[in-house]
>>> print(open('entry-v2.cif').read())   # mmCIF, C-alpha atoms
data_entry
#
loop_
_atom_site.label_atom_id
_atom_site.label_comp_id
_atom_site.auth_asym_id
_atom_site.auth_seq_id
_atom_site.Cartn_x
_atom_site.Cartn_y
_atom_site.Cartn_z
CA MET A 1 101.67 102.19 114.83
CA LEU A 2 102.21 99.16 117.04
CA ASP A 3 103.84 96.11 115.54
CA LEU A 4 100.76 93.88 115.36
CA LYS A 5 102.93 90.76 114.97
CA MET A 6 104.62 91.54 118.29
CA LEU A 7 101.19 92.12 119.77
CA GLN A 8 100.02 88.70 118.61
CA LYS A 9 103.22 87.06 119.81
CA ASP A 10 103.23 88.46 123.37
CA PHE A 11 100.16 90.52 124.16
CA ASP A 12 100.70 90.58 127.95
CA MET A 13 104.22 92.03 127.63
CA VAL A 14 103.01 94.78 125.30
CA ALA A 15 100.02 95.54 127.54
CA VAL A 16 102.21 96.03 130.63
CA LYS A 17 104.46 98.49 128.79
CA LEU A 18 101.48 100.42 127.45
CA GLN A 19 99.92 100.61 130.91
CA HIS A 20 103.13 102.28 132.12
CA LYS A 21 102.47 104.89 129.44
CA GLY A 22 98.94 105.49 130.70
CA VAL A 23 96.96 103.59 128.06
CA ASP A 24 93.51 102.77 129.45
CA THR A 25 93.05 99.12 130.42
CA LYS A 26 89.63 99.10 128.73
CA ILE A 27 91.25 99.99 125.42
CA LEU A 28 93.86 97.31 125.96
CA GLN A 29 91.13 94.79 126.68
CA GLU A 30 89.32 95.78 123.51
CA LEU A 31 92.61 95.49 121.65
CA LYS A 32 93.08 92.00 123.06
CA ILE A 33 89.59 90.92 121.96
CA LYS A 34 90.14 92.28 118.44
CA ASN A 35 93.53 90.58 118.35
CA GLU A 36 91.98 87.24 119.33
CA ASP A 37 89.19 87.74 116.77
CA LEU A 38 91.78 88.27 114.04
CA LYS A 39 93.75 85.18 115.08
CA ALA A 40 90.52 83.12 115.01
CA ALA A 41 89.62 84.54 111.58
CA LYS A 42 93.08 83.67 110.25
CA THR A 43 92.84 80.15 111.66
CA ALA A 44 89.41 79.66 110.06
CA PHE A 45 90.71 80.87 106.69
CA GLU A 46 93.82 78.69 106.87
CA THR A 47 91.71 75.64 107.79
CA LEU A 48 89.45 76.17 104.81
CA GLN A 49 92.45 76.78 102.57
CA ALA A 50 94.06 73.54 103.74
CA LEU A 51 90.81 71.69 103.05
CA GLN A 52 90.71 73.20 99.56
CA ASN A 53 94.26 72.04 98.86
CA SER A 54 93.40 68.57 100.07
CA MET A 55 90.26 68.37 97.90
CA SER A 56 92.20 69.65 94.90
CA LYS A 57 94.64 66.78 95.26
CA GLU A 58 91.75 64.38 95.69
CA PHE A 59 90.06 65.85 92.62
CA GLY A 60 93.16 65.18 90.55
CA GLN A 61 93.36 61.63 91.86
CA TYR A 62 89.69 61.01 90.94
CA LYS A 63 90.34 62.28 87.42
CA ARG A 64 93.32 59.99 86.96
CA GLU A 65 91.33 57.00 88.20
CA GLY A 66 88.29 57.90 86.11
CA LYS A 67 85.99 58.25 89.12
CA ASP A 68 82.85 60.42 89.24
CA VAL A 69 83.88 63.90 90.47
CA SER A 70 80.46 65.58 90.52
CA GLN A 71 79.93 65.39 94.29
CA LEU A 72 83.55 66.38 94.99
CA GLN A 73 83.23 69.27 92.54
CA GLN A 74 80.21 70.54 94.45
CA LYS A 75 82.16 70.36 97.73
CA VAL A 76 85.07 72.23 96.12
CA ASN A 77 82.76 74.99 94.87
CA GLU A 78 81.03 75.32 98.25
CA ASN A 79 84.39 75.53 100.01
CA LYS A 80 85.60 78.21 97.57
CA LEU A 81 82.62 80.31 98.61
CA ARG A 82 83.43 79.75 102.29
CA ILE A 83 87.05 80.74 101.62
CA THR A 84 85.93 83.99 99.99
CA GLN A 85 83.69 84.74 102.97
CA ALA A 86 86.45 83.83 105.46
CA LEU A 87 88.92 86.07 103.65
CA GLU A 88 86.50 88.99 103.87
CA ILE A 89 85.96 88.34 107.58
CA GLN A 90 89.73 88.27 108.08
CA ARG A 91 90.06 91.57 106.20
CA LEU A 92 87.37 93.20 108.38
CA LYS A 93 88.95 91.89 111.60
CA GLN A 94 92.33 93.19 110.45
CA GLN A 95 90.77 96.59 109.74
CA GLU A 96 89.05 96.70 113.14
CA LEU A 97 92.30 95.86 114.93
CA GLN A 98 94.24 98.41 112.90
CA GLU A 99 91.72 101.18 113.64
CA ILE A 100 92.15 100.62 117.37
CA ALA A 101 95.93 100.25 117.05
CA MET A 102 96.16 103.62 115.23
CA GLY A 103 94.89 105.30 118.39
CA ILE A 104 97.27 103.53 120.79
CA ALA A 105 100.57 105.06 121.84
CA ASN A 106 104.04 103.77 121.09
CA ILE A 107 105.72 101.32 123.43
CA PRO A 108 108.35 102.97 125.68
CA ASP A 109 111.93 101.74 125.58
CA ASP A 110 112.95 99.37 128.36
CA ASN A 111 115.36 101.91 129.85
CA VAL A 112 112.75 104.68 130.16
CA PRO A 113 112.06 105.40 133.85
CA ILE A 114 108.61 104.25 134.97
CA GLY A 115 106.43 107.06 136.29
CA GLU A 116 103.03 108.71 136.09
CA SER A 117 103.73 112.39 135.40
CA GLU A 118 106.41 115.05 134.91
CA ASP A 119 107.11 114.79 138.64
CA ASP A 120 108.71 111.40 137.94
CA ASN A 121 111.03 112.64 135.18
CA VAL A 122 114.76 112.22 135.83
CA GLU A 123 117.27 115.04 135.53
CA ILE A 124 120.33 113.94 133.55
CA LYS A 125 122.52 117.01 133.97
CA LYS A 126 122.62 120.80 134.14
CA VAL A 127 124.56 122.82 131.56
CA LEU A 128 125.91 126.31 132.44
CA THR A 129 125.28 128.07 135.73
CA PRO A 130 122.41 130.58 135.96
CA LYS A 131 123.51 134.18 136.35
CA THR A 132 123.17 135.84 139.73
CA PHE A 133 121.37 139.19 139.43
CA ASP A 134 121.87 142.11 141.83
CA PHE A 135 118.24 143.07 141.21
CA ILE A 136 114.95 141.20 141.02
CA PRO A 137 114.74 139.89 137.44
CA LYS A 138 111.53 140.61 135.54
CA GLU A 139 109.45 138.18 133.53
CA HIS A 140 109.50 138.49 129.75
CA TRP A 141 106.03 140.00 129.48
CA GLN A 142 107.09 142.82 131.83
CA LEU A 143 110.24 143.40 129.79
CA SER A 144 108.26 143.39 126.56
CA GLU A 145 106.04 146.19 127.83
CA GLN A 146 109.06 148.32 128.70
CA ASN A 147 110.93 147.63 125.44
CA GLY A 148 107.93 147.48 123.12
CA TRP A 149 108.90 144.09 121.72
CA ILE A 150 105.60 142.22 122.05
CA ASP A 151 102.11 143.64 121.49
CA PHE A 152 99.64 141.31 123.19
CA GLU A 153 96.54 143.46 122.83
CA ARG A 154 96.80 143.91 119.06
CA GLY A 155 97.46 140.20 118.65
CA VAL A 156 94.14 139.52 120.36
CA LYS A 157 92.43 142.24 118.32
CA ILE A 158 93.38 140.80 114.94
CA ALA A 159 92.98 137.14 115.96
CA LYS A 160 92.13 136.05 119.53
CA SER A 161 93.85 135.27 122.82
CA ARG A 162 97.20 133.47 122.59
CA PHE A 163 98.16 135.31 119.42
CA SER A 164 100.81 138.04 119.67
CA VAL A 165 102.55 140.63 117.53
CA ILE A 166 106.36 140.79 117.75
CA ARG A 167 107.71 144.28 116.97
CA ASP A 168 110.87 146.20 116.13
CA THR A 169 113.99 144.79 117.82
CA GLY A 170 111.96 141.82 119.06
CA ALA A 171 110.98 140.95 115.48
CA LYS A 172 114.58 141.33 114.29
CA LEU A 173 115.78 139.11 117.12
CA GLU A 174 113.17 136.48 116.25
CA ARG A 175 114.36 136.45 112.63
CA ALA A 176 118.00 136.39 113.78
CA LEU A 177 117.31 133.36 115.98
CA ILE A 178 115.71 131.45 113.11
CA ASN A 179 118.67 132.08 110.80
CA PHE A 180 121.22 131.32 113.51
CA MET A 181 119.50 128.03 114.40
CA LEU A 182 119.32 126.90 110.78
CA ASP A 183 122.97 127.75 110.17
CA PHE A 184 124.04 126.03 113.39
CA ASN A 185 122.13 122.86 112.53
CA GLU A 186 123.47 122.83 108.98
CA GLN A 187 127.01 122.99 110.33
CA ARG A 188 126.13 119.86 112.34
CA GLY A 189 125.17 117.99 109.17
CA PHE A 190 121.41 118.62 109.08
CA HIS A 191 120.31 119.67 105.60
CA GLU A 192 117.96 122.63 105.43
CA ILE A 193 114.54 121.86 103.94
CA SER A 194 111.67 124.29 103.32
CA VAL A 195 108.34 122.46 103.44
CA PRO A 196 104.61 123.26 103.11
CA GLN A 197 102.93 124.42 106.30
CA ILE A 198 99.66 122.82 105.23
CA VAL A 199 99.48 119.02 105.03
CA ASN A 200 96.95 116.33 104.20
CA LYS A 201 95.27 113.86 106.53
CA GLN A 202 97.59 111.01 105.56
CA SER A 203 100.66 112.96 106.68
CA LEU A 204 99.17 113.61 110.12
CA GLN A 205 98.23 109.96 110.43
CA GLY A 206 101.77 109.02 109.47
CA THR A 207 103.39 110.90 112.36
CA GLY A 208 100.62 110.12 114.87
CA GLN A 209 98.71 113.40 115.26
CA LEU A 210 95.62 111.77 113.74
CA PRO A 211 93.29 110.31 114.76
CA LYS A 212 94.05 110.82 118.46
CA PHE A 213 94.82 114.57 118.53
CA LYS A 214 92.37 115.96 115.96
CA ASP A 215 90.96 118.42 118.53
CA ASP A 216 94.35 120.16 118.77
CA LEU A 217 94.65 120.71 115.01
CA TYR A 218 93.46 123.58 112.83
CA LYS A 219 91.56 122.06 109.91
CA ILE A 220 90.86 123.95 106.70
CA GLU A 221 87.11 124.04 106.21
CA GLY A 222 85.83 122.17 103.18
CA ASP A 223 89.11 120.35 102.57
CA GLU A 224 91.09 117.44 104.04
CA LEU A 225 94.02 119.77 104.78
CA TYR A 226 95.41 120.98 108.11
CA LEU A 227 97.83 123.61 109.40
CA ILE A 228 100.90 121.84 110.75
CA PRO A 229 101.48 121.56 114.52
CA THR A 230 105.22 121.06 113.89
CA ALA A 231 107.66 120.68 110.98
CA GLU A 232 108.11 117.07 112.10
CA VAL A 233 104.96 116.23 110.11
CA PRO A 234 105.97 117.38 106.60
CA LEU A 235 109.68 116.56 107.05
CA THR A 236 109.04 112.97 108.12
CA ASN A 237 106.36 112.38 105.51
CA LEU A 238 108.64 113.48 102.67
CA PHE A 239 109.54 109.79 102.53
CA ALA A 240 106.12 108.23 103.12
CA ASP A 241 105.41 105.13 101.00
CA GLU A 242 109.06 104.95 99.91
CA ILE A 243 111.74 102.29 100.08
CA LEU A 244 115.10 103.96 100.71
CA SER A 245 118.59 102.74 99.95
CA PRO A 246 120.72 102.06 103.06
CA LYS A 247 123.36 104.31 101.45
CA GLU A 248 120.96 107.26 101.89
CA LEU A 249 120.71 106.75 105.65
CA PRO A 250 120.84 108.50 107.96
CA ILE A 251 118.86 111.35 106.43
CA LYS A 252 119.26 114.39 108.69
CA MET A 253 117.08 117.45 108.10
CA THR A 254 116.37 120.82 109.67
CA GLY A 255 113.61 123.24 108.80
CA HIS A 256 111.87 126.36 110.02
CA THR A 257 108.08 126.65 109.99
CA ALA A 258 105.30 128.39 111.76
CA CYS A 259 103.39 125.93 113.94
CA PHE A 260 99.68 126.02 114.76
CA ARG A 261 98.03 124.38 117.77
CA LYS A 262 94.65 124.87 119.38
CA GLU A 263 96.26 123.98 122.73
CA ALA A 264 93.17 121.96 123.64
CA GLY A 265 93.13 121.20 127.35
CA SER A 266 95.62 123.93 128.30
CA ALA A 267 93.06 126.50 129.50
CA GLY A 268 94.47 128.58 132.33
CA ARG A 269 98.09 127.57 131.70
CA ASP A 270 100.68 130.21 130.76
CA VAL A 271 98.04 132.84 130.09
CA ARG A 272 100.57 135.68 130.29
CA GLY A 273 103.30 136.14 127.73
CA ILE A 274 104.24 133.95 124.77
CA ILE A 275 105.17 130.66 126.43
CA ARG A 276 102.06 128.92 125.05
CA GLN A 277 100.68 130.34 121.79
CA HIS A 278 98.33 129.13 119.06
CA GLN A 279 100.88 130.19 116.41
CA PHE A 280 104.62 130.14 116.94
CA HIS A 281 107.89 129.66 115.07
CA LYS A 282 110.05 126.60 115.54
CA VAL A 283 113.20 125.18 114.00
CA GLU A 284 112.99 121.40 113.89
CA LEU A 285 115.44 118.50 113.57
CA VAL A 286 114.22 115.29 111.90
CA SER A 287 116.28 112.17 111.20
CA ILE A 288 115.51 108.95 109.38
CA THR A 289 117.85 106.09 110.19
CA THR A 290 118.38 102.36 110.29
CA PRO A 291 117.65 100.71 113.66
CA LYS A 292 121.42 100.28 114.25
CA GLN A 293 122.05 104.02 113.76
CA SER A 294 119.07 105.08 115.84
CA ASP A 295 120.60 105.53 119.31
CA ALA A 296 123.72 107.29 117.99
CA VAL A 297 121.64 109.76 115.96
CA PHE A 298 119.42 110.38 119.00
CA LYS A 299 122.45 111.39 121.07
CA GLU A 300 123.66 113.58 118.21
CA MET A 301 120.33 115.43 118.06
CA VAL A 302 120.25 116.00 121.83
CA SER A 303 123.82 117.33 121.71
CA CYS A 304 122.97 119.61 118.79
CA ALA A 305 120.06 121.24 120.66
CA SER A 306 122.05 121.50 123.90
CA ASP A 307 125.12 122.98 122.19
CA LEU A 308 122.90 125.51 120.44
CA LEU A 309 121.63 126.70 123.83
CA SER A 310 125.20 126.81 125.13
CA ALA A 311 126.26 128.89 122.12
CA LEU A 312 123.55 131.37 123.14
CA LYS A 313 124.90 131.21 126.72
CA LEU A 314 121.53 130.03 128.03
CA PRO A 315 121.68 127.80 131.14
CA HIS A 316 119.62 124.66 130.72
CA ARG A 317 119.18 121.11 131.89
CA LEU A 318 118.52 117.74 130.24
CA VAL A 319 115.64 115.65 131.57
CA GLU A 320 114.71 112.05 130.73
CA LEU A 321 110.94 111.74 130.48
CA CYS A 322 109.25 108.94 132.40
CA THR A 323 106.76 106.56 130.79
CA GLY A 324 103.73 108.57 131.90
CA ASP A 325 105.04 111.83 130.45
CA LEU A 326 106.15 110.47 127.07
CA GLY A 327 104.41 111.78 123.96
CA PHE A 328 102.09 109.55 121.93
CA SER A 329 104.61 108.54 119.26
CA ALA A 330 107.76 108.57 121.39
CA ALA A 331 109.61 105.50 122.62
CA ARG A 332 112.12 107.74 124.39
CA THR A 333 112.35 111.50 124.93
CA ILE A 334 114.88 113.86 126.45
CA ASP A 335 113.58 117.35 127.20
CA LEU A 336 115.84 120.38 127.28
CA GLU A 337 114.64 122.94 129.81
CA VAL A 338 116.01 126.48 129.75
CA TRP A 339 116.49 128.57 132.88
CA LEU A 340 114.10 131.54 133.14
CA PRO A 341 115.25 133.85 135.96
CA GLY A 342 112.03 135.88 135.84
CA GLN A 343 110.05 132.74 136.64
CA ASN A 344 112.87 131.30 138.78
CA CYS A 345 112.55 127.88 137.17
CA TYR A 346 113.48 125.72 134.18
CA ARG A 347 110.96 125.53 131.33
CA GLU A 348 110.85 123.17 128.36
CA ILE A 349 112.37 124.62 125.19
CA SER A 350 113.03 121.42 123.24
CA SER A 351 111.95 117.78 123.16
CA VAL A 352 114.07 115.26 121.29
CA SER A 353 112.28 111.96 120.68
CA ASN A 354 113.07 108.61 119.14
CA THR A 355 109.89 107.00 117.81
CA ARG A 356 111.71 103.82 116.67
CA ASP A 357 109.63 102.29 113.84
CA PHE A 358 106.27 103.55 115.18
CA GLN A 359 105.86 106.40 112.69
CA ALA A 360 107.54 104.44 109.89
CA ARG A 361 104.86 101.73 110.14
CA ARG A 362 102.12 104.32 109.86
CA ALA A 363 103.80 106.24 107.02
CA LYS A 364 105.22 103.09 105.36
CA ILE A 365 108.83 104.33 105.27
CA ARG A 366 111.21 101.43 104.65
CA TYR A 367 114.74 100.75 103.50
CA LYS A 368 116.27 97.88 101.55
CA ASN A 369 117.91 95.63 104.15
CA ASP A 370 119.68 92.90 102.17
CA LYS A 371 116.82 91.26 100.29
CA LYS A 372 113.96 92.40 102.49
CA ASN A 373 112.31 95.73 103.20
CA THR A 374 112.69 96.91 106.81
CA PHE A 375 110.99 99.82 108.57
CA VAL A 376 113.29 102.77 109.32
CA HIS A 377 113.50 104.60 112.63
CA THR A 378 112.37 108.23 112.75
CA LEU A 379 113.51 110.86 115.25
CA ASN A 380 112.50 114.47 115.81
CA GLY A 381 113.39 117.36 118.06
CA SER A 382 112.94 121.08 118.52
CA SER A 383 116.05 123.09 117.79
CA LEU A 384 114.57 125.27 119.10
CA ALA A 385 111.14 126.69 119.87
CA VAL A 386 111.88 130.24 118.69
CA GLY A 387 109.41 132.09 120.90
CA ARG A 388 110.63 130.39 124.05
CA THR A 389 114.24 131.10 123.05
CA LEU A 390 113.27 134.76 122.66
CA VAL A 391 111.76 134.64 126.15
CA ALA A 392 114.92 133.04 127.55
CA ILE A 393 117.15 135.70 126.02
CA MET A 394 114.96 138.50 127.32
CA GLU A 395 115.03 137.16 130.87
CA ASN A 396 118.67 135.99 131.01
CA PHE A 397 120.15 139.04 129.26
CA GLN A 398 118.09 141.72 130.99
CA ASN A 399 119.78 144.64 132.70
CA ALA A 400 118.85 146.50 135.88
CA ASP A 401 117.28 149.34 133.88
CA GLY A 402 115.06 146.88 131.96
CA THR A 403 117.03 146.98 128.71
CA ILE A 404 118.08 143.72 127.05
CA THR A 405 121.56 142.91 125.75
CA ILE A 406 121.72 140.96 122.49
CA PRO A 407 123.98 137.87 122.83
CA ASP A 408 127.30 138.32 121.01
CA ILE A 409 126.75 135.36 118.69
CA LEU A 410 123.48 136.85 117.39
CA GLN A 411 124.72 140.38 116.76
CA PRO A 412 125.94 139.64 113.19
CA TYR A 413 122.42 138.33 112.42
CA MET A 414 120.86 141.58 113.62
#
>>> encode(input="entry-v2.cif", output="structure tokens")
Amino acid sequence: MLDLKMLQKDFDMVAVKLQHKGVDTKILQELKIKNEDLKAAKTAFETLQALQNSMSKEFGQYKREGKDVSQLQQKVNENKLRITQALEIQRLKQQELQEIAMGIANIPDDNVPIGESEDDNVEIKKVLTPKTFDFIPKEHWQLSEQNGWIDFERGVKIAKSRFSVIRDTGAKLERALINFMLDFNEQRGFHEISVPQIVNKQSLQGTGQLPKFKDDLYKIEGDELYLIPTAEVPLTNLFADEILSPKELPIKMTGHTACFRKEAGSAGRDVRGIIRQHQFHKVELVSITTPKQSDAVFKEMVSCASDLLSALKLPHRLVELCTGDLGFSAARTIDLEVWLPGQNCYREISSVSNTRDFQARRAKIRYKNDKKNTFVHTLNGSSLAVGRTLVAIMENFQNADGTITIPDILQPYM
């Protein structure tokens, strides 16, 4: 959530940064009105409180001098009632402002390139050179038909569109990828955690999926529980409402979960294959740090995901997202895009984001900083989206006869 104190201190600066991220000016105007209402309510309360303190002193003076205090007592009692009313008004104004703030995106870092869409993202570098084929490379859905790895029709039959069944060698390769990714991340210092794949409303509010993205979530009927869209949600919220010791930080975690998304608004996109599914496997990286550690851990997470792709010999590139393409909770994001020869383009396979203290404010994750409690920074990143990694292997390691070679580093896991 936004730092409301910063909002009150310099609303115009915050508004400009949020506009770069695509926040509607009408919402910002409403936010400004609610912010001014809260400031006025606080001023009214403080004025009444100051008057009460003054009358209390006067009351004591009257007593010492033996004066009649009946009229002053009546004024004191009336002002107490006004204070109670003013305090309730302040609480309601605070609640109104907070409700709006919960639906407003994080402020982008100053060094994030300004832009409106993915077209304005900035390529940082390419890693590994794509292979040159002496035949026309096929797309993964064509290869899956030939090798019998993915059954699209039966996935639709038992669920609906955008559900698939992975079979035989494809299923073994999927499992091998998950184990390889977890082992790789653990060797980099990320501790493996197995978490629930169903979470409560508070957890989704903590990481920013609620209230804004409720239409993209699968809710369990009759209960305030949801299927997770990413392991970021349960891993981050392990420490909700806690005050951590600085000696514990940074906390670096990795975990594998299935992920569930309705993909609201993506109709017509990636309708063939398994690039965009309602259910998919992902291995996630999540870190909780002090603000001073934040940038260093961010670089470490990007390197971890990139080196994992390099270990699989998958060409990829790193892209800095512009303000208009940043996710809701992110202050900064670097996407890793893998080369898909069948599609003849790079496609996103990982996003590593630093949310600064945005999620920590919502989830109330703090650490003991000298004598005061300070919000931590939270970071998350895919390492990697398993289905898309499977796609990348199929397309990059395909042979002229349509067979697929298993990368050397994965063969022990098979």
>>> closest_residue(input="entry-v2.cif", among="A:Gly60, A:Pro250, A:Gly170, A:Pro108", to="A:Gly189", atoms="all atoms listed in the file")
A:Pro250
>>> closest_residue(input="entry-v2.cif", among="A:Lys212, A:His256, A:Lys67, A:Arg272", to="A:Glu284", atoms="all atoms listed in the file")
A:His256
>>> closest_residue(input="entry-v2.cif", among="A:Ser382, A:Val165, A:Asn373, A:Gln205", to="A:Phe152", atoms="all atoms listed in the file")
A:Val165
>>> closest_residue(input="entry-v2.cif", among="A:Thr389, A:Asn200, A:Gln29, A:Asn147", to="A:Ala305", atoms="only C-alpha atoms")
A:Thr389
>>> atom_distance(input="entry-v2.cif", atom1="atom CA of A:Lys364", atom2="atom CA of A:Gln279")
29.6 Å
>>> closest_residue(input="entry-v2.cif", among="A:Leu410, A:Ile365, A:Ala231, A:Leu244", to="A:Leu384", atoms="all atoms listed in the file")
A:Ala231
>>> residues_around(input="entry-v2.cif", residues="A:Glu58", least_positions_apart="2", cutoff="12 Å", atoms="all atoms listed in the file", output="VMD selection string")
chain A and resid 51 to 56 60 to 65 67 to 69 71 to 73 75 to 76
>>> closest_residue(input="entry-v2.cif", among="A:Arg356, A:Lys219, A:Lys26, A:Arg366", to="A:Thr378", atoms="all atoms listed in the file")
A:Arg356
>>> resolve_selection(input="entry-v2.cif", expression="the PyMOL selection byres ((chain A and resi 359) around 10)", output="short mmCIF file (atom, residue, chain, number, x, y, z; two decimals) with C-alpha atoms, keeping the file's coordinate frame")
data_model
loop_
_atom_site.label_atom_id
_atom_site.label_comp_id
_atom_site.auth_asym_id
_atom_site.auth_seq_id
_atom_site.Cartn_x
_atom_site.Cartn_y
_atom_site.Cartn_z
CA MET A 1 101.67 102.19 114.83
CA LEU A 2 102.21 99.16 117.04
CA ASN A 106 104.04 103.77 121.09
CA GLN A 205 98.23 109.96 110.43
CA GLY A 206 101.77 109.02 109.47
CA THR A 207 103.39 110.90 112.36
CA GLY A 208 100.62 110.12 114.87
CA THR A 236 109.04 112.97 108.12
CA ASN A 237 106.36 112.38 105.51
CA ALA A 240 106.12 108.23 103.12
CA SER A 329 104.61 108.54 119.26
CA ALA A 330 107.76 108.57 121.39
CA ASN A 354 113.07 108.61 119.14
CA THR A 355 109.89 107.00 117.81
CA ARG A 356 111.71 103.82 116.67
CA ASP A 357 109.63 102.29 113.84
CA PHE A 358 106.27 103.55 115.18
CA ALA A 360 107.54 104.44 109.89
CA ARG A 361 104.86 101.73 110.14
CA ARG A 362 102.12 104.32 109.86
CA ALA A 363 103.80 106.24 107.02
CA LYS A 364 105.22 103.09 105.36
CA ILE A 365 108.83 104.33 105.27
CA PHE A 375 110.99 99.82 108.57
CA VAL A 376 113.29 102.77 109.32
CA HIS A 377 113.50 104.60 112.63
CA THR A 378 112.37 108.23 112.75
CA LEU A 379 113.51 110.86 115.25
#
>>> atom_distance(input="entry-v2.cif", atom1="atom CA of A:Met6", atom2="atom CA of A:Ala105")
14.6 Å
>>> resolve_selection(input="entry-v2.cif", expression="the PyMOL selection byres ((chain A and resi 172) around 12)", output="number ranges by chain")
A: 149-150, 166-171, 173-179, 390, 406, 410-414
>>> residues_near_point(input="entry-v2.cif", point="(103.0, 124.4, 107.6)", cutoff="7 Å", atoms="all atoms listed in the file", output="PDB file with C-alpha atoms, in the coordinates of the input")
ATOM      1  CA  PRO A 196     104.610 123.260 103.110  1.00  0.00           C
ATOM      2  CA  GLN A 197     102.930 124.420 106.300  1.00  0.00           C
ATOM      3  CA  ILE A 198      99.660 122.820 105.230  1.00  0.00           C
ATOM      4  CA  VAL A 199      99.480 119.020 105.030  1.00  0.00           C
ATOM      5  CA  LEU A 227      97.830 123.610 109.400  1.00  0.00           C
ATOM      6  CA  ILE A 228     100.900 121.840 110.750  1.00  0.00           C
ATOM      7  CA  ALA A 231     107.660 120.680 110.980  1.00  0.00           C
ATOM      8  CA  THR A 257     108.080 126.650 109.990  1.00  0.00           C
ATOM      9  CA  ALA A 258     105.300 128.390 111.760  1.00  0.00           C
ATOM     10  CA  CYS A 259     103.390 125.930 113.940  1.00  0.00           C
TER      11      CYS A 259
END
